[in-house]
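Coordinates from protein.cif are shown below (mmCIF, C-alpha atoms).
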data_my_file
#
loop_
_atom_site.label_atom_id
_atom_site.label_comp_id
_atom_site.auth_asym_id
_atom_site.auth_seq_id
_atom_site.Cartn_x
_atom_site.Cartn_y
_atom_site.Cartn_z
CA MET A 2 9.04 12.47 -0.81
CA CYS A 3 12.01 10.58 -2.29
CA GLY A 4 11.78 12.73 -5.42
CA LEU A 5 11.99 15.89 -3.33
CA ALA A 6 15.07 14.53 -1.58
CA HIS A 7 16.86 14.27 -4.93
CA TYR A 8 16.05 17.91 -5.78
CA PHE A 9 17.29 19.23 -2.44
CA GLU A 10 20.44 17.16 -2.64
CA GLU A 11 21.14 18.55 -6.11
CA GLU A 12 20.82 22.01 -4.58
CA GLY A 13 23.61 21.24 -2.11
CA LEU A 14 21.43 20.44 0.89
CA ALA A 15 21.98 17.21 2.78
CA THR A 16 18.74 15.28 3.18
CA VAL A 17 17.42 12.49 5.32
CA LEU A 18 13.91 11.09 5.05
CA VAL A 19 11.67 8.66 6.82
CA GLY A 20 9.21 6.50 4.89
CA PHE A 21 6.60 3.78 5.31
CA VAL A 22 6.82 1.73 2.10
CA ARG A 23 10.26 0.12 1.91
CA GLU A 24 9.88 -1.18 -1.64
CA GLN A 25 9.09 2.34 -2.80
CA ILE A 26 12.19 3.72 -1.10
CA GLU A 27 14.33 0.97 -2.64
CA LYS A 28 13.13 1.95 -6.11
CA MET A 29 13.63 5.69 -5.61
CA VAL A 30 17.05 5.40 -3.90
CA PRO A 31 17.07 8.67 -1.95
CA PRO A 32 20.49 9.52 -0.43
CA ARG A 33 19.53 8.68 3.16
CA ALA A 34 16.34 7.00 4.29
CA LEU A 35 14.98 5.41 7.43
CA PHE A 36 12.25 2.85 6.86
CA LEU A 37 9.49 2.93 9.47
CA ASP A 38 7.28 -0.10 10.00
CA PHE A 39 4.48 2.13 11.29
CA PRO A 40 0.97 3.03 10.16
CA MET A 41 0.85 6.05 7.84
CA GLY A 42 0.18 9.37 9.53
CA ARG A 43 2.59 8.59 12.36
CA GLY A 44 6.03 9.50 11.08
CA MET A 45 7.48 9.98 14.53
CA GLY A 46 5.64 6.93 15.77
CA LYS A 47 3.64 7.83 18.84
CA PRO A 48 1.80 11.01 19.84
CA ASN A 49 2.78 12.52 23.20
CA ASP A 50 5.78 10.24 23.50
CA PRO A 51 8.81 12.54 23.15
CA ASP A 52 11.29 9.76 23.91
CA PHE A 53 9.96 7.54 21.13
CA GLN A 54 9.87 10.50 18.74
CA LYS A 55 13.48 11.36 19.53
CA ARG A 56 14.57 7.77 18.95
CA VAL A 57 13.14 8.01 15.45
CA ILE A 58 14.84 11.35 14.78
CA ARG A 59 18.19 10.21 16.15
CA SER A 60 18.04 7.01 14.14
CA ALA A 61 17.34 9.03 10.99
CA PHE A 62 20.01 11.64 11.73
CA GLU A 63 22.65 8.93 12.28
CA LEU A 64 22.44 8.39 8.54
CA LEU A 65 23.87 11.89 8.08
CA ASP A 66 27.12 10.60 9.59
CA LYS A 67 27.59 7.98 6.86
CA LYS A 68 30.47 8.75 4.52
CA ILE A 69 28.97 7.08 1.46
CA GLY A 70 25.47 6.35 0.20
CA PRO A 71 22.74 5.90 -0.64
CA VAL A 72 21.84 4.42 2.72
CA LEU A 73 18.58 2.79 3.76
CA LYS A 74 18.10 1.53 7.29
CA ASN A 75 15.21 -0.04 9.17
CA PHE A 76 14.06 1.60 12.38
CA PRO A 77 14.21 -1.32 14.82
CA GLU A 78 10.91 -0.73 16.62
CA VAL A 79 7.65 -1.74 14.95
CA ILE A 80 4.15 -0.33 15.38
CA PRO A 81 1.97 -3.10 13.97
CA VAL A 82 -0.61 -2.51 11.28
CA ARG A 83 -3.71 -4.62 10.80
CA ARG A 84 -3.86 -6.99 7.82
CA GLY A 85 -1.34 -5.11 5.74
CA ARG A 86 -3.31 -1.89 5.78
CA MET A 87 -1.67 1.23 7.10
CA GLY A 88 -4.82 3.06 8.08
CA TYR A 89 -8.44 2.35 8.97
CA ALA A 90 -10.68 1.07 6.16
CA LEU A 91 -14.44 0.68 6.06
CA PRO A 92 -15.69 -2.90 5.87
CA PRO A 93 -16.42 -3.56 2.17
CA GLU A 94 -19.94 -4.70 3.01
CA LEU A 95 -20.78 -1.44 4.77
CA VAL A 96 -22.21 0.41 1.81
CA LEU A 97 -25.39 2.48 1.88
CA THR A 98 -27.55 3.40 -1.07
CA LYS A 99 -29.60 6.46 -1.91
CA SER A 100 -32.73 4.63 -0.76
CA ASP A 101 -31.27 4.52 2.77
CA VAL A 102 -31.43 8.32 3.08
CA GLY A 103 -35.05 8.46 4.28
CA ASP A 104 -36.06 11.52 6.26
CA ILE A 105 -33.23 14.00 5.63
CA ALA A 106 -34.36 16.44 8.32
CA ARG A 107 -34.26 13.65 10.89
CA VAL A 108 -30.82 12.48 9.78
CA LEU A 109 -29.43 16.00 10.06
CA SER A 110 -31.11 16.66 13.37
CA ASP A 111 -29.67 13.46 14.87
CA VAL A 112 -26.14 14.51 13.91
CA THR A 113 -26.65 18.04 15.17
CA ASN A 114 -27.72 16.66 18.53
CA GLU A 115 -24.78 14.29 18.63
CA ILE A 116 -22.38 17.17 17.93
CA GLU A 117 -23.94 19.19 20.73
CA GLU A 118 -23.57 16.31 23.17
CA LEU A 119 -19.88 16.09 22.39
CA ARG A 120 -19.31 19.83 22.62
CA PRO A 121 -18.24 20.09 26.30
CA ALA A 122 -15.71 17.28 25.82
CA TYR A 123 -14.46 18.84 22.58
CA ASP A 124 -13.98 22.20 24.28
CA LYS A 125 -12.03 20.50 27.07
CA ALA A 126 -9.82 18.72 24.53
CA VAL A 127 -9.03 22.00 22.78
CA ALA A 128 -8.34 23.78 26.06
CA CYS A 129 -6.05 20.98 27.24
CA ARG A 130 -4.13 20.64 23.98
CA GLY A 131 -4.04 24.34 23.27
CA ARG A 132 -4.92 23.68 19.66
CA THR A 133 -7.41 22.04 17.35
CA THR A 134 -7.08 20.79 13.80
CA VAL A 135 -10.78 21.41 13.18
CA GLY A 136 -11.32 24.37 10.89
CA ALA A 137 -9.52 23.58 7.65
CA SER A 138 -12.84 24.39 5.95
CA GLU A 139 -13.10 27.72 7.84
CA LEU A 140 -16.79 26.96 8.40
CA SER A 141 -18.13 27.07 11.93
CA ILE A 142 -18.88 23.74 13.60
CA GLU A 143 -22.58 24.65 13.53
CA SER A 144 -22.41 25.01 9.75
CA PHE A 145 -21.02 21.54 9.02
CA VAL A 146 -24.31 19.64 9.07
CA PRO A 147 -26.43 22.15 7.13
CA PHE A 148 -23.73 22.35 4.45
CA ILE A 149 -23.49 18.56 4.09
CA GLY A 150 -27.28 18.43 4.15
CA GLU A 151 -27.46 20.48 0.96
CA PHE A 152 -25.52 17.79 -0.90
CA LEU A 153 -27.58 15.06 0.71
CA SER A 154 -30.65 16.76 -0.71
CA GLY A 155 -29.18 16.38 -4.16
CA HIS A 156 -27.96 19.82 -5.04
CA VAL A 157 -24.60 21.51 -4.94
CA PRO A 158 -24.85 24.75 -2.96
CA GLN A 159 -22.97 27.99 -3.52
CA SER A 160 -19.67 27.88 -1.68
CA PRO A 161 -19.70 30.24 1.29
CA ARG A 162 -15.92 30.47 1.08
CA LYS A 163 -14.39 32.82 -1.45
CA GLY A 164 -11.87 31.16 -3.73
CA LEU A 165 -12.85 27.60 -2.87
CA PRO A 166 -15.60 25.85 -4.85
CA ALA A 167 -18.33 23.96 -3.02
CA ILE A 168 -17.09 20.41 -3.64
CA PRO A 169 -13.49 20.87 -2.46
CA LEU A 170 -15.00 22.71 0.49
CA LEU A 171 -17.29 19.74 1.15
CA LYS A 172 -14.26 17.48 1.46
CA LEU A 173 -12.74 19.79 4.05
CA VAL A 174 -16.03 19.96 5.96
CA VAL A 175 -16.21 16.15 6.02
CA GLU A 176 -12.66 16.01 7.38
CA ASP A 177 -13.42 18.73 9.92
CA LEU A 178 -16.45 16.82 11.11
CA GLU A 179 -14.42 13.65 11.62
CA ALA A 180 -11.66 15.62 13.36
CA TYR A 181 -14.20 17.15 15.74
CA TYR A 182 -15.28 13.66 16.80
CA THR A 183 -11.88 12.02 17.01
CA GLU A 184 -10.20 14.94 18.76
CA THR A 185 -12.95 14.75 21.33
CA ARG A 186 -12.81 11.01 21.85
CA THR A 187 -9.02 10.62 21.94
CA HIS A 188 -8.87 13.22 24.68
CA ARG A 189 -12.02 12.36 26.63
CA ASP A 190 -11.27 8.63 26.82
CA GLY A 191 -7.48 8.73 26.58
CA ILE A 192 -7.54 6.52 23.48
CA ASP A 193 -4.79 6.36 20.89
CA ASP A 194 -5.96 3.63 18.53
CA LEU A 195 -6.53 4.51 14.89
CA GLU A 196 -8.54 1.36 14.11
CA LEU A 197 -10.82 1.92 17.07
CA MET A 198 -11.28 5.59 16.22
CA GLY A 199 -12.09 4.79 12.59
CA LYS A 200 -14.52 2.05 13.54
CA TRP A 201 -16.24 4.25 16.09
CA PHE A 202 -16.64 7.28 13.86
CA TRP A 203 -17.54 5.58 10.59
CA GLU A 204 -19.48 2.58 11.85
CA GLU A 205 -21.08 3.72 15.09
CA THR A 206 -21.77 7.45 15.11
CA LYS A 207 -24.64 9.27 13.48
CA ALA A 208 -22.13 11.56 11.80
CA GLY A 209 -20.43 8.56 10.20
CA HIS A 210 -23.83 7.35 9.01
CA LEU A 211 -24.52 10.78 7.52
CA LEU A 212 -21.25 10.64 5.57
CA LEU A 213 -21.99 7.15 4.26
CA LEU A 214 -25.31 8.50 3.03
CA LEU A 215 -23.44 11.38 1.42
CA GLU A 216 -21.20 8.81 -0.27
CA ALA A 217 -24.29 6.95 -1.53
CA VAL A 218 -25.82 10.14 -2.92
CA SER A 219 -22.49 11.05 -4.54
CA VAL A 220 -22.20 7.67 -6.25
CA ALA A 221 -25.64 8.20 -7.76
CA SER A 222 -24.90 11.83 -8.65
CA GLU A 223 -24.50 13.13 -12.16
CA ASN A 224 -21.89 15.53 -10.86
CA LYS A 225 -18.60 14.13 -12.14
CA ILE A 226 -16.45 15.66 -9.43
CA LEU A 227 -18.59 14.26 -6.63
CA LEU A 228 -18.51 10.87 -8.31
CA GLN A 229 -14.74 11.08 -8.74
CA ILE A 230 -14.24 11.83 -5.07
CA VAL A 231 -16.01 8.68 -3.97
CA GLU A 232 -14.53 6.57 -6.77
CA MET A 233 -11.06 7.52 -5.64
CA SER A 234 -11.82 6.97 -1.97
CA LEU A 235 -11.26 10.62 -1.14
CA MET A 236 -14.26 11.00 1.15
CA ALA A 237 -14.95 7.75 2.99
CA PRO A 238 -11.90 5.65 3.92
CA ARG A 239 -11.93 2.74 1.49
CA PHE A 240 -8.34 2.94 0.23
CA TRP A 241 -7.28 -0.07 2.29
CA SER A 242 -10.50 -1.99 1.65
CA GLU A 243 -10.54 -5.23 -0.32
CA GLY A 244 -11.99 -3.70 -3.46
CA PRO A 245 -13.46 -0.48 -4.78
CA LEU A 246 -16.81 0.88 -3.80
CA PRO A 247 -19.68 -1.04 -5.45
CA GLY A 248 -21.46 0.94 -8.12
CA THR A 249 -18.37 2.87 -9.16
CA SER A 250 -16.13 2.33 -12.17
CA ALA A 251 -13.01 2.22 -10.00
CA ALA A 252 -11.43 4.24 -12.79
CA GLY A 253 -9.19 5.97 -10.30
CA TRP A 254 -7.41 2.74 -9.58
CA MET B 12 6.61 -5.21 7.38
CA THR B 13 3.83 -4.21 5.01
CA LYS B 14 4.74 -5.36 1.51
CA ILE B 15 2.99 -4.00 -1.54
CA GLN B 16 1.91 -7.50 -2.64
CA GLU B 17 0.31 -8.09 0.75
CA MET B 18 -1.68 -4.86 0.74
CA PRO B 19 -5.43 -4.90 0.16
CA ALA B 20 -6.35 -4.81 -3.51
CA VAL B 21 -7.20 -1.15 -3.97
CA ALA B 22 -4.11 0.16 -2.25
CA ARG B 23 -1.88 -2.39 -3.96
CA GLY B 24 -3.12 -1.33 -7.39
CA PHE B 25 -2.64 2.34 -6.66
CA ILE B 26 0.87 2.05 -5.25
CA SER B 27 2.04 -0.41 -7.92
CA ASN B 28 0.96 1.95 -10.68
CA LEU B 29 2.84 5.00 -9.40
CA GLU B 30 5.43 6.31 -11.81
CA LEU B 31 8.88 6.60 -10.32
CA ASN B 32 11.44 9.05 -11.62
CA VAL B 33 14.92 8.36 -10.36
CA PRO B 34 17.82 10.56 -11.52
CA LYS B 35 20.48 8.71 -13.54
CA HIS B 36 23.22 10.16 -11.38
CA PRO B 37 21.72 10.99 -7.98
CA ALA B 38 23.45 13.86 -6.18
CA TRP B 39 25.13 13.36 -2.83
CA THR B 40 25.80 16.32 -0.56
CA LEU B 41 28.28 15.89 2.25
CA PRO B 42 26.48 16.71 5.52
CA LYS B 43 27.95 19.05 8.10
CA PRO B 44 28.99 17.65 11.49
CA ALA B 45 25.99 17.09 13.78
CA GLY B 46 26.65 20.02 16.09
CA LYS B 47 26.82 22.47 13.18
CA ARG B 48 23.72 21.37 11.29
CA ARG B 49 20.88 23.82 10.76
CA VAL B 50 17.78 21.73 10.13
CA SER B 51 14.57 22.51 8.28
CA ILE B 52 11.60 20.15 8.08
CA VAL B 53 9.89 19.39 4.79
CA SER B 54 6.52 17.72 5.28
CA THR B 55 4.30 16.30 2.56
CA ALA B 56 1.28 16.25 4.89
CA ALA B 57 -0.25 19.34 3.25
CA ILE B 58 -0.32 21.13 6.58
CA SER B 59 -0.43 24.90 6.71
CA LYS B 60 -1.15 27.80 9.00
CA ARG B 61 -4.84 28.34 9.69
CA GLY B 62 -6.00 30.94 7.23
CA ASP B 63 -3.49 30.00 4.53
CA LYS B 64 -4.85 29.03 1.14
CA PRO B 65 -5.80 25.33 1.20
CA PHE B 66 -3.72 23.00 -0.93
CA SER B 67 -5.40 22.02 -4.19
CA TRP B 68 -5.70 18.29 -4.82
CA LEU B 69 -2.62 18.01 -7.00
CA ALA B 70 -0.82 21.10 -5.71
CA ARG B 71 2.67 21.80 -6.97
CA ASP B 72 3.27 24.67 -4.58
CA HIS B 73 4.29 24.81 -0.95
CA ARG B 74 3.42 26.60 2.28
CA ILE B 75 5.82 28.06 4.80
CA ILE B 76 5.48 27.18 8.47
CA ASN B 77 7.39 29.31 10.93
CA LYS B 78 9.26 27.75 13.82
CA SER B 79 6.74 29.27 16.24
CA ASP B 80 3.56 28.23 14.37
CA ARG B 81 1.46 25.62 16.16
CA ASP B 82 -2.05 26.46 14.93
CA LEU B 83 -1.96 24.31 11.81
CA VAL B 84 -4.62 22.62 9.71
CA MET B 85 -4.35 19.88 7.09
CA THR B 86 -5.82 20.02 3.59
CA HIS B 87 -4.36 16.81 2.18
CA VAL B 88 -6.61 15.31 -0.47
CA ALA B 89 -6.17 11.69 0.67
CA VAL B 90 -7.95 10.09 3.61
CA GLU B 91 -6.20 6.72 3.78
CA PHE B 92 -3.81 7.68 6.56
CA ASP B 93 -4.45 8.18 10.24
CA ARG B 94 -5.18 11.75 11.28
CA SER B 95 -5.94 11.03 14.92
CA ALA B 96 -2.25 11.02 15.87
CA TRP B 97 -1.44 14.54 14.72
CA GLN B 98 -4.70 15.73 16.24
CA GLN B 99 -3.26 14.63 19.57
CA ASP B 100 0.28 15.85 19.04
CA LEU B 101 1.63 17.94 16.18
CA ASN B 102 5.10 16.51 16.77
CA VAL B 103 4.11 13.08 15.52
CA ILE B 104 4.19 14.44 11.96
CA PHE B 105 6.05 17.73 12.42
CA PRO B 106 8.55 17.27 15.26
CA ILE B 107 9.39 20.91 15.77
CA ASP B 108 9.47 20.72 19.58
CA ARG B 109 11.74 17.68 19.46
CA LEU B 110 14.18 19.46 17.14
CA ASN B 111 14.19 22.52 19.39
CA GLU B 112 15.02 20.29 22.35
CA MET B 113 17.80 18.61 20.40
CA ALA B 114 19.22 22.00 19.44
CA ASP B 115 19.09 23.11 23.09
CA ASP B 116 20.97 19.95 24.04
CA GLY B 117 23.58 20.46 21.34
CA GLU B 118 22.63 17.33 19.39
CA ILE B 119 22.10 19.51 16.33
CA GLY B 120 23.32 23.01 15.64
CA SER B 121 20.06 24.89 15.23
CA VAL B 122 16.50 24.75 13.97
CA ALA B 123 15.55 26.82 10.95
CA GLU B 124 13.11 29.68 11.29
CA GLU B 125 11.13 28.39 8.34
CA HIS B 126 9.85 24.91 7.47
CA TYR B 127 7.92 23.78 4.42
CA SER B 128 4.86 21.77 3.50
CA PHE B 129 3.85 20.13 0.22
CA MET B 130 0.89 18.07 -0.97
CA GLY B 131 2.11 14.49 -0.87
CA ALA B 132 -0.53 13.28 -3.32
CA ALA B 133 1.00 15.26 -6.16
CA ASP B 134 3.70 13.84 -8.42
CA PRO B 135 7.10 15.09 -7.14
CA VAL B 136 8.13 15.84 -10.72
CA THR B 137 5.51 18.59 -10.81
CA MET B 138 6.93 20.04 -7.58
CA GLU B 139 10.46 20.50 -8.87
CA LYS B 140 10.20 24.25 -9.45
CA SER B 141 8.65 24.80 -6.04
CA ALA B 142 11.21 22.52 -4.36
CA ARG B 143 14.08 24.47 -5.89
CA GLN B 144 12.50 27.74 -4.69
CA VAL B 145 12.34 26.24 -1.21
CA ALA B 146 15.99 25.19 -1.48
CA SER B 147 16.94 28.78 -2.33
CA LYS B 148 15.08 30.11 0.69
CA MET B 149 16.73 27.52 2.90
CA LYS B 150 20.20 28.43 1.71
CA ILE B 151 19.55 32.14 2.32
CA GLU B 152 18.58 31.18 5.87
CA GLY B 153 21.73 29.12 6.34
CA VAL B 154 19.99 25.74 6.34
CA ASP B 155 22.21 22.83 5.33
CA THR B 156 20.13 19.81 6.39
CA VAL B 157 16.61 18.85 5.32
CA PHE B 158 14.49 16.38 7.28
CA LEU B 159 11.76 15.01 5.01
CA ILE B 160 8.68 13.52 6.61
CA PRO B 161 5.72 12.03 4.71
CA ILE B 162 2.23 11.70 6.07
#

What would the structure in this file look like if it were written as structure tokens?
Amino acid sequence: MCGLAHYFEEEGLATVLVGFVREQIEKMVPPRALFLDFPMGRGMGKPNDPDFQKRVIRSAFELLDKKIGPVLKNFPEVIPVRRGRMGYALPPELVLTKSDVGDIARVLSDVTNEIEELRPAYDKAVACRGRTTVGASELSIESFVPFIGEFLSGHVPQSPRKGLPAIPLLKLVVEDLEAYYTETRTHRDGIDDLELMGKWFWEETKAGHLLLLLEAVSVASENKILLQIVEMSLMAPRFWSEGPLPGTSAAGW
Amino acid sequence: MTKIQEMPAVARGFISNLELNVPKHPAWTLPKPAGKRRVSIVSTAAISKRGDKPFSWLARDHRIINKSDRDLVMTHVAVEFDRSAWQQDLNVIFPIDRLNEMADDGEIGSVAEEHYSFMGAADPVTMEKSARQVASKMKIEGVDTVFLIPI
């Protein structure tokens, strides 16, 4: 982000950025920067709070009135993070192994039923918001579980999407599945709490359990790309955990 | 404030090991007065219009998001940041409605027709060519101010 600011400024465009890691901004010295003490993923602070969002924008844009720079300012309002982590992280002890998979058909059926139960609330959320972020994979919601199930069974299927191999597609399906759940729950229960949403999805739902099994199968896989995804915490959220996933080389770190 | 040394081990290691490339003589462009600014958003959230090609994991390229586009998806490779906020309100990462309101109120001059998205996980050095292409498009459109927002 800071690097991009330098390129645009060289091109004669005035830039202002917001950022979450102050030390990083200090090192990169972009021309104008507003430090946000917020969790990542929330650059304007709070969803559905236009006043708060405008306070962030105005505070950033005030830096465009400065005659000299570089300038770095703190946004005065803080959205606390938990234990220094700026997003949800799985508890380090919550790790499944391949031997936990058991009856695959049962695992998949449980998740399919759970998805169906949430469907009316999901549809209401989409209708109310007028949009959904589900669908980055371009697979139908009904296809998520069967597609993940192929990997759980130990083989990499043909990608049904032209131009996108099966494993990158798997990552998008995993993210679509999580989005389906969290979009539903944030709307149905009026919750805006990233820690609670992460805990619910990953630790309490059958879909979360399925994905932890997928992680376990991937760790044991001979497929290097699958292994790399879990080693680098690109499937299950372990980036902010106190240590890499057991059984991996942690080479990505 | 979250300090790198206080972050959990995995994150701390990753962030500490990032290479940082700072220009020796950073450029400084004089901004236009507030009421005359034409603003374009640059996001590194790897968001794009539904149906666009997904970002690759270390993508150097960009996607264009029109001022009227609201049906967006995210193909960012990382999962360490919260996605539940933008699921609830696009403006929390891409404040296009807020900028439109500010333009209507005269706080800024205008909002660009086109905005841009990059993959924040990629090294910015590899994005230079694409960033300069974006800058050219912006200048053709009369943009003078860039609002950069990470994920």

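Closest approach to chain B from the set A:Asp124, A:Glu223, A:Glu216, A:Asp194 is made by A:Asp194, with distances taken over only C-alpha atoms.
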
Note to self: Evaluated on this file, the PyMOL selection byres ((chain B) within 6 of (chain A)) picks out some residues - which ones are they, written as JSON, numbers by chain?
What the structure shows: {"B": [12, 13, 18, 19, 20, 21, 22, 25, 33, 38, 40, 42, 84, 89, 90, 91, 92, 93, 96, 100, 103, 104, 135, 155, 156, 157, 158, 159, 160, 162]}

Expected file contents, prior selection, C-alpha atoms, as a PDB file, in the coordinates of the input:
ATOM      1  CA  MET B  12       6.610  -5.210   7.380  1.00  0.00           C
ATOM      2  CA  THR B  13       3.830  -4.210   5.010  1.00  0.00           C
ATOM      3  CA  MET B  18      -1.680  -4.860   0.740  1.00  0.00           C
ATOM      4  CA  PRO B  19      -5.430  -4.900   0.160  1.00  0.00           C
ATOM      5  CA  ALA B  20      -6.350  -4.810  -3.510  1.00  0.00           C
ATOM      6  CA  VAL B  21      -7.200  -1.150  -3.970  1.00  0.00           C
ATOM      7  CA  ALA B  22      -4.110   0.160  -2.250  1.00  0.00           C
ATOM      8  CA  PHE B  25      -2.640   2.340  -6.660  1.00  0.00           C
ATOM      9  CA  VAL B  33      14.920   8.360 -10.360  1.00  0.00           C
ATOM     10  CA  ALA B  38      23.450  13.860  -6.180  1.00  0.00           C
ATOM     11  CA  THR B  40      25.800  16.320  -0.560  1.00  0.00           C
ATOM     12  CA  PRO B  42      26.480  16.710   5.520  1.00  0.00           C
ATOM     13  CA  VAL B  84      -4.620  22.620   9.710  1.00  0.00           C
ATOM     14  CA  ALA B  89      -6.170  11.690   0.670  1.00  0.00           C
ATOM     15  CA  VAL B  90      -7.950  10.090   3.610  1.00  0.00           C
ATOM     16  CA  GLU B  91      -6.200   6.720   3.780  1.00  0.00           C
ATOM     17  CA  PHE B  92      -3.810   7.680   6.560  1.00  0.00           C
ATOM     18  CA  ASP B  93      -4.450   8.180  10.240  1.00  0.00           C
ATOM     19  CA  ALA B  96      -2.250  11.020  15.870  1.00  0.00           C
ATOM     20  CA  ASP B 100       0.280  15.850  19.040  1.00  0.00           C
ATOM     21  CA  VAL B 103       4.110  13.080  15.520  1.00  0.00           C
ATOM     22  CA  ILE B 104       4.190  14.440  11.960  1.00  0.00           C
ATOM     23  CA  PRO B 135       7.100  15.090  -7.140  1.00  0.00           C
ATOM     24  CA  ASP B 155      22.210  22.830   5.330  1.00  0.00           C
ATOM     25  CA  THR B 156      20.130  19.810   6.390  1.00  0.00           C
ATOM     26  CA  VAL B 157      16.610  18.850   5.320  1.00  0.00           C
ATOM     27  CA  PHE B 158      14.490  16.380   7.280  1.00  0.00           C
ATOM     28  CA  LEU B 159      11.760  15.010   5.010  1.00  0.00           C
ATOM     29  CA  ILE B 160       8.680  13.520   6.610  1.00  0.00           C
ATOM     30  CA  ILE B 162       2.230  11.700   6.070  1.00  0.00           C
TER      31      ILE B 162
END

Next item on the list: Using only C-alpha atoms, find the one residue out of B:Met138, B:Val50, B:Ala57, B:Leu101 that sits nearest to B:Glu152.
Entry: B:Val50

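Residue nearest A:Arg162, chosen from B:Gly131, B:Lys64, B:Glu17, B:Pro34 and counting only C-alpha atoms: B:Lys64.
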
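Taking atom CA of A:Leu213 and atom CA of B:Arg61 as endpoints, the distance between them is 27.8 Å.
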
Checklist line | Spatial neighbours of A:Glu205, max dist 12 Å, only C-alpha atoms, sep filter under 4 positions, as number ranges by chain | finding: A: 91, 95, 112, 115, 182, 197-201, 209-213

Export of the given selection (C-alpha atoms) as a short mmCIF file (atom, residue, chain, number, x, y, z; two decimals), in the frame of the given file:
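Final file, result_17.cif:
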data_model
loop_
_atom_site.label_atom_id
_atom_site.label_comp_id
_atom_site.auth_asym_id
_atom_site.auth_seq_id
_atom_site.Cartn_x
_atom_site.Cartn_y
_atom_site.Cartn_z
CA LEU A 91 -14.44 0.68 6.06
CA LEU A 95 -20.78 -1.44 4.77
CA VAL A 112 -26.14 14.51 13.91
CA GLU A 115 -24.78 14.29 18.63
CA TYR A 182 -15.28 13.66 16.80
CA LEU A 197 -10.82 1.92 17.07
CA MET A 198 -11.28 5.59 16.22
CA GLY A 199 -12.09 4.79 12.59
CA LYS A 200 -14.52 2.05 13.54
CA TRP A 201 -16.24 4.25 16.09
CA GLY A 209 -20.43 8.56 10.20
CA HIS A 210 -23.83 7.35 9.01
CA LEU A 211 -24.52 10.78 7.52
CA LEU A 212 -21.25 10.64 5.57
CA LEU A 213 -21.99 7.15 4.26
#

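Interatomic distance, atom CA of A:Pro247 to atom CA of A:Gln229: 13.5 Å.
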
Checklist line | Long-range neighbours of B:Asp72 as a PyMOL selection string, 12 Å cut-off, all atoms listed in the file, 3 positions minimum in chain | finding: chain B and resi 55+57+59+64-69+75+127-131+133-145

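Put simply, atom CA of B:Trp39 is 18.5 Å away from atom CA of B:Gly153.
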
Margin query: Would you pick out the contacts of B:Lys60 at 7 Å or less, using only C-alpha atoms, so that residues sharing its chain but fewer than 4 positions from it are not included, and give the list as number ranges by chain?
Written below: B: 76, 82-84
